[in-house]
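Structure file query.pdb; described as PDB, C-alpha atoms.
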```pdb
ATOM      1  CA  MET A   1      -9.262  -6.207  -0.799
ATOM      2  CA  GLU A   2     -10.427  -2.822   0.381
ATOM      3  CA  LEU A   3     -10.388   0.364  -1.676
ATOM      4  CA  HIS A   4      -8.236   2.956   0.043
ATOM      5  CA  THR A   5      -7.432   5.608  -2.535
ATOM      6  CA  LYS A   6      -8.826   6.889  -5.817
ATOM      7  CA  ILE A   7      -6.650   9.335  -7.745
ATOM      8  CA  HIS A   8      -6.786  11.327 -10.984
ATOM      9  CA  ILE A   9      -3.373  11.219 -12.718
ATOM     10  CA  GLU A  10      -2.192  14.758 -13.446
ATOM     11  CA  GLY A  11       0.365  15.927 -15.987
ATOM     12  CA  HIS A  12       3.136  16.854 -13.546
ATOM     13  CA  SER A  13       3.494  13.230 -12.389
ATOM     14  CA  LEU A  14       4.150  11.794 -15.867
ATOM     15  CA  ASN A  15       7.421  10.681 -17.404
ATOM     16  CA  ALA A  16       8.596  11.384 -20.983
ATOM     17  CA  ASN A  17       6.441   8.510 -22.295
ATOM     18  CA  GLY A  18       3.243  10.089 -20.951
ATOM     19  CA  THR A  19       2.816   7.419 -18.282
ATOM     20  CA  LEU A  20       2.840   7.692 -14.510
ATOM     21  CA  LYS A  21       6.374   7.460 -13.112
ATOM     22  CA  GLY A  22       7.179   4.011 -11.694
ATOM     23  CA  ALA A  23       8.363   5.559  -8.433
ATOM     24  CA  SER A  24       4.984   7.272  -8.069
ATOM     25  CA  VAL A  25       3.137   3.994  -8.680
ATOM     26  CA  PHE A  26       5.287   2.269  -6.046
ATOM     27  CA  ASP A  27       4.721   5.172  -3.626
ATOM     28  CA  TYR A  28       0.939   4.961  -4.032
ATOM     29  CA  ALA A  29       1.064   1.223  -3.313
ATOM     30  CA  ASP A  30       3.343   1.686  -0.276
ATOM     31  CA  VAL A  31       1.151   4.433   1.189
ATOM     32  CA  THR A  32      -1.963   2.313   0.596
ATOM     33  CA  ALA A  33      -0.375  -0.650   2.390
ATOM     34  CA  PHE A  34       0.669   1.562   5.302
ATOM     35  CA  SER A  35      -2.799   3.139   5.436
ATOM     36  CA  ILE A  36      -4.607  -0.154   5.934
ATOM     37  CA  ILE A  37      -2.313  -1.021   8.875
ATOM     38  CA  ASN A  38      -2.930   2.424  10.335
ATOM     39  CA  ASP A  39      -6.714   2.150   9.864
ATOM     40  CA  LYS A  40      -6.902  -1.273  11.488
ATOM     41  CA  PHE A  41      -4.206  -1.127  14.150
ATOM     42  CA  THR A  42      -1.557   1.545  14.729
ATOM     43  CA  ARG A  43      -3.935   4.470  15.220
ATOM     44  CA  PHE A  44      -5.262   2.630  18.290
ATOM     45  CA  HIS A  45      -1.756   1.880  19.624
ATOM     46  CA  LYS A  46       0.172   5.142  19.792
ATOM     47  CA  HIS A  47       3.336   3.431  21.091
ATOM     48  CA  ILE A  48       3.685   1.211  17.984
ATOM     49  CA  GLY A  49       4.818   2.366  14.560
ATOM     50  CA  VAL A  50       5.518   0.439  11.373
ATOM     51  CA  VAL A  51       8.209   0.756   8.719
ATOM     52  CA  THR A  52       8.381  -0.885   5.308
ATOM     53  CA  SER A  53      11.111  -3.524   5.555
ATOM     54  CA  SER A  54      10.831  -4.940   2.028
ATOM     55  CA  ALA A  55       8.516  -5.263  -0.950
ATOM     56  CA  LYS A  56       7.933  -7.441  -3.998
ATOM     57  CA  CYS A  57       6.185  -5.770  -6.877
ATOM     58  CA  LYS A  58       5.105  -6.330 -10.438
ATOM     59  CA  PHE A  59       4.162  -3.637 -12.940
ATOM     60  CA  LEU A  60       1.399  -5.157 -15.086
ATOM     61  CA  ALA A  61       0.326  -2.341 -17.425
ATOM     62  CA  PRO A  62       1.197   1.301 -18.082
ATOM     63  CA  ILE A  63      -0.817   4.008 -16.367
ATOM     64  CA  LEU A  64      -1.440   6.732 -18.918
ATOM     65  CA  GLY A  65      -1.740  10.384 -18.009
ATOM     66  CA  TYR A  66      -5.065  11.918 -17.059
ATOM     67  CA  GLY A  67      -6.681   8.584 -16.286
ATOM     68  CA  PHE A  68      -7.724   7.306 -12.881
ATOM     69  CA  ILE A  69      -6.274   4.778 -10.471
ATOM     70  CA  GLU A  70      -7.774   2.936  -7.546
ATOM     71  CA  CYS A  71      -5.476   1.538  -4.861
ATOM     72  CA  TYR A  72      -6.552  -1.542  -2.909
ATOM     73  CA  ALA A  73      -4.921  -3.292   0.044
ATOM     74  CA  GLU A  74      -5.428  -6.314   2.252
ATOM     75  CA  ILE A  75      -3.525  -7.616   5.272
ATOM     76  CA  VAL A  76      -2.703 -11.229   4.399
ATOM     77  CA  ASP A  77      -0.394 -12.341   7.218
ATOM     78  CA  CYS A  78       0.841 -11.248  10.604
ATOM     79  CA  THR A  79       3.624 -12.711  12.740
ATOM     80  CA  PRO A  80       5.284 -11.291  15.868
ATOM     81  CA  ALA A  81       8.002  -9.793  13.660
ATOM     82  CA  ARG A  82       6.183  -8.791  10.475
ATOM     83  CA  ILE A  83       2.899  -7.647   8.919
ATOM     84  CA  THR A  84       2.345  -8.603   5.266
ATOM     85  CA  VAL A  85       0.052  -6.526   3.041
ATOM     86  CA  LYS A  86      -0.963  -7.221  -0.571
ATOM     87  CA  THR A  87      -1.746  -4.263  -2.789
ATOM     88  CA  LEU A  88      -3.385  -3.846  -6.171
ATOM     89  CA  ILE A  89      -3.603  -0.724  -8.323
ATOM     90  CA  LYS A  90      -6.244  -0.603 -11.047
ATOM     91  CA  TYR A  91      -6.223   1.881 -13.924
ATOM     92  CA  ARG A  92      -9.025   3.362 -16.047
ATOM     93  CA  GLU A  93      -8.615   5.721 -18.977
ATOM     94  CA  ARG A  94     -10.265   9.094 -18.450
ATOM     95  CA  LYS A  95     -13.168   8.306 -20.792
ATOM     96  CA  GLY A  96     -12.982   4.548 -20.464
ATOM     97  CA  LEU A  97     -15.351   2.189 -18.727
ATOM     98  CA  GLU A  98     -13.088  -0.749 -17.882
ATOM     99  CA  TRP A  99     -10.590  -1.026 -15.052
ATOM    100  CA  TYR A 100      -7.284  -2.839 -15.678
ATOM    101  CA  ASP A 101      -4.843  -4.285 -13.167
ATOM    102  CA  ALA A 102      -1.727  -2.116 -13.470
ATOM    103  CA  PHE A 103       0.374  -3.017 -10.410
ATOM    104  CA  GLU A 104       0.413  -5.670  -7.725
ATOM    105  CA  GLY A 105       2.709  -5.841  -4.777
ATOM    106  CA  THR A 106       3.387  -7.424  -1.429
ATOM    107  CA  PHE A 107       4.738  -5.150   1.286
ATOM    108  CA  TYR A 108       6.373  -6.339   4.483
ATOM    109  CA  PHE A 109       6.287  -4.098   7.549
ATOM    110  CA  THR A 110       8.236  -4.320  10.782
ATOM    111  CA  CYS A 111       6.758  -2.878  13.957
ATOM    112  CA  ILE A 112       8.851  -0.501  16.026
ATOM    113  CA  ASP A 113       8.440   0.924  19.500
ATOM    114  CA  ARG A 114       8.052   4.678  18.953
ATOM    115  CA  GLU A 115       9.827   5.538  22.210
ATOM    116  CA  THR A 116      12.877   3.250  22.008
ATOM    117  CA  ARG A 117      13.029   2.970  18.168
ATOM    118  CA  LYS A 118      13.689  -0.753  18.526
ATOM    119  CA  VAL A 119      11.870  -3.637  16.865
ATOM    120  CA  TYR A 120       8.597  -4.365  18.601
ATOM    121  CA  LYS A 121       7.363  -7.973  18.752
ATOM    122  CA  LEU A 122       3.589  -8.244  18.477
ATOM    123  CA  SER A 123       1.678 -10.235  21.071
ATOM    124  CA  LYS A 124      -0.912 -12.877  20.142
ATOM    125  CA  GLU A 125      -3.697 -10.460  21.058
ATOM    126  CA  GLU A 126      -2.230  -7.707  18.849
ATOM    127  CA  MET A 127      -1.843 -10.123  15.918
ATOM    128  CA  ASP A 128      -5.470 -11.212  16.308
ATOM    129  CA  GLU A 129      -6.554  -7.555  16.343
ATOM    130  CA  ILE A 130      -4.681  -6.884  13.094
ATOM    131  CA  LYS A 131      -6.171  -9.931  11.339
ATOM    132  CA  LYS A 132      -9.772  -8.810  12.039
TER     133      LYS A 132
END
```
Please, can you express the file's structure as structure tokens?
Amino acid sequence: MELHTKIHIEGHSLNANGTLKGASVFDYADVTAFSIINDKFTRFHKHIGVVTSSAKCKFLAPILGYGFIECYAEIVDCTPARITVKTLIKYRERKGLEWYDAFEGTFYFTCIDRETRKVYKLSKEEMDEIKK
């Protein structure tokens, strides 16, 4: 997996328990998954966009306020209809030394043609480019 984002958790993003809001954790993972597809593929193909079609996720540990998170992603599968990305978010307390797995997820993206807004089927060459 590749590191894509490192973030300091600020007070305004916490819930009443003093932990990062679950929606924020999911958003960080979704953006990280999208970012790896953009870095490896869509920025070179202006006519193709991707949208999150579904996701499976598991919250493993709370992310306490004022700590740090690192967001990792890896493209694990690609078919003509879908790109699958695994994500992992690690957490470290602000004065801690150890990183803990806090979230893992699998995100499924569908390609769309930016001009027609219809589903775009990837060619063999495009799938090979994504898997690199």
>> I'd like the contact shell of A:Ala73 - 7 Å cut-off, all atoms listed in the file, skipping same-chain residues fewer than 2 positions apart - returned as a list in words.
In response: Met1, Glu2, Leu3, Thr32, Ala33, Ile36, Cys71, Ile75, Val85, Lys86, Thr87 and Leu88 of chain A
> Residues picked by the PyMOL selection byres ((chain A and resi 18) around 10) here, as number ranges by chain?
Replying inline: A: 11, 13-17, 19-21, 62-66
>> Please expand the PyMOL selection byres ((chain A and resi 61) around 8) into the concrete residues it hits in this file, giving the result as a PyMOL selection string.
In response: chain A and resi 59-60+62-63+100-103
Residues as selected, C-alpha atoms, written as a short mmCIF file (atom, residue, chain, number, x, y, z; two decimals), in the frame of the given file, can you do that?
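What follows is the written file selection-v7.cif:
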```cif
data_model
loop_
_atom_site.label_atom_id
_atom_site.label_comp_id
_atom_site.auth_asym_id
_atom_site.auth_seq_id
_atom_site.Cartn_x
_atom_site.Cartn_y
_atom_site.Cartn_z
CA PHE A 59 4.16 -3.64 -12.94
CA LEU A 60 1.40 -5.16 -15.09
CA PRO A 62 1.20 1.30 -18.08
CA ILE A 63 -0.82 4.01 -16.37
CA TYR A 100 -7.28 -2.84 -15.68
CA ASP A 101 -4.84 -4.28 -13.17
CA ALA A 102 -1.73 -2.12 -13.47
CA PHE A 103 0.37 -3.02 -10.41
#
```
> Written as a ChimeraX atom specification, which residues does the PyMOL selection byres ((chain A and resi 53) around 7) give for the file shown?
Replying inline: /A:51-52,54,108-110
Please identify every residue of stretch 7-100 of chain A that has at least one atom no farther than 8 Å from an atom of stretch 123-130 of chain A, counting only C-alpha atoms, and for each give the shortest atom pair and the distance in Å to one decimal, arranged by chain then increasing number, as JSON lines.
```
{"residue": "A:Ile37", "atom": "CA", "partner": "A:Ile130", "partner_atom": "CA", "distance": 7.6}
{"residue": "A:Lys40", "atom": "CA", "partner": "A:Ile130", "partner_atom": "CA", "distance": 6.2}
{"residue": "A:Phe41", "atom": "CA", "partner": "A:Ile130", "partner_atom": "CA", "distance": 5.9}
{"residue": "A:Ile75", "atom": "CA", "partner": "A:Ile130", "partner_atom": "CA", "distance": 7.9}
{"residue": "A:Cys78", "atom": "CA", "partner": "A:Met127", "partner_atom": "CA", "distance": 6.1}
{"residue": "A:Thr79", "atom": "CA", "partner": "A:Met127", "partner_atom": "CA", "distance": 6.8}
{"residue": "A:Pro80", "atom": "CA", "partner": "A:Ser123", "partner_atom": "CA", "distance": 6.4}
```
Selection to disk with C-alpha atoms, as a short mmCIF file (atom, residue, chain, number, x, y, z; two decimals), in the frame of the given file:
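Output file selection.cif follows:
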```cif
data_model
loop_
_atom_site.label_atom_id
_atom_site.label_comp_id
_atom_site.auth_asym_id
_atom_site.auth_seq_id
_atom_site.Cartn_x
_atom_site.Cartn_y
_atom_site.Cartn_z
CA ILE A 37 -2.31 -1.02 8.88
CA LYS A 40 -6.90 -1.27 11.49
CA PHE A 41 -4.21 -1.13 14.15
CA ILE A 75 -3.52 -7.62 5.27
CA CYS A 78 0.84 -11.25 10.60
CA THR A 79 3.62 -12.71 12.74
CA PRO A 80 5.28 -11.29 15.87
#
```
> Of the candidates A:Ser35, A:His45, A:Lys131, A:Asp113, which one gets nearest to A:Asp77 if we count only C-alpha atoms?
Replying inline: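 Looking at the shortest contact to A:Asp77, the residue is A:Lys131.
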> For the atom pair atom CA of A:Phe107 and atom CA of A:Ala81, what is the interatomic distance in Å to one decimal place?
Replying inline: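 Between atom CA of A:Phe107 and atom CA of A:Ala81 the gap is 13.6 Å.
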>> So, with all atoms listed in the file as the atoms that count, which of A:Lys58, A:Ile89, A:Ile7, A:Cys111 lies closest to A:Asn38?
In response: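 Looking at the shortest contact to A:Asn38, the residue is A:Cys111.
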>> Please report the interatomic distance between atom CA of A:Arg114 and atom CA of A:Cys57 in Å with one decimal.
In response: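 So the two atoms, atom CA of A:Arg114 and atom CA of A:Cys57, lie 27.9 Å apart.
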> Quick one: distance from atom CA of A:His12 to atom CA of A:Ala55 in Å, one decimal?
Replying inline: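 Interatomic distance, atom CA of A:His12 to atom CA of A:Ala55: 26.0 Å.
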> Looking at only C-alpha atoms, which of A:Glu93, A:Asp39, A:Glu10, A:Asp30 is the one that sits closest to A:Thr106?
Replying inline: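 Counting only C-alpha atoms, the residue closest to A:Thr106 is A:Asp30.
Candidate residues A:Tyr120, A:Tyr72, A:Tyr91, A:Trp99 were compared for distance to A:Phe34, and the nearest is A:Tyr72, using all atoms listed in the file.
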> Between A:Phe68, A:His47, A:Glu98, A:Thr5, which one has atoms that come closest to A:Lys118, using all atoms listed in the file?
Replying inline: A:His47
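Closest to A:Lys121 among A:His4, A:Arg82, A:Arg43, A:Lys95 is A:Arg82, based on all atoms listed in the file.
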Work out where the centre of an axis-aligned box around every listed atom of stretch 107-125 of chain A lies and how long its edges are once 5 Å is added on each side; give both in Å to one decimal as lines of an AutoDock Vina configuration file.
```
center_x = 5.0
center_y = -3.7
center_z = 11.7
size_x = 27.4
size_y = 28.4
size_z = 30.9
```
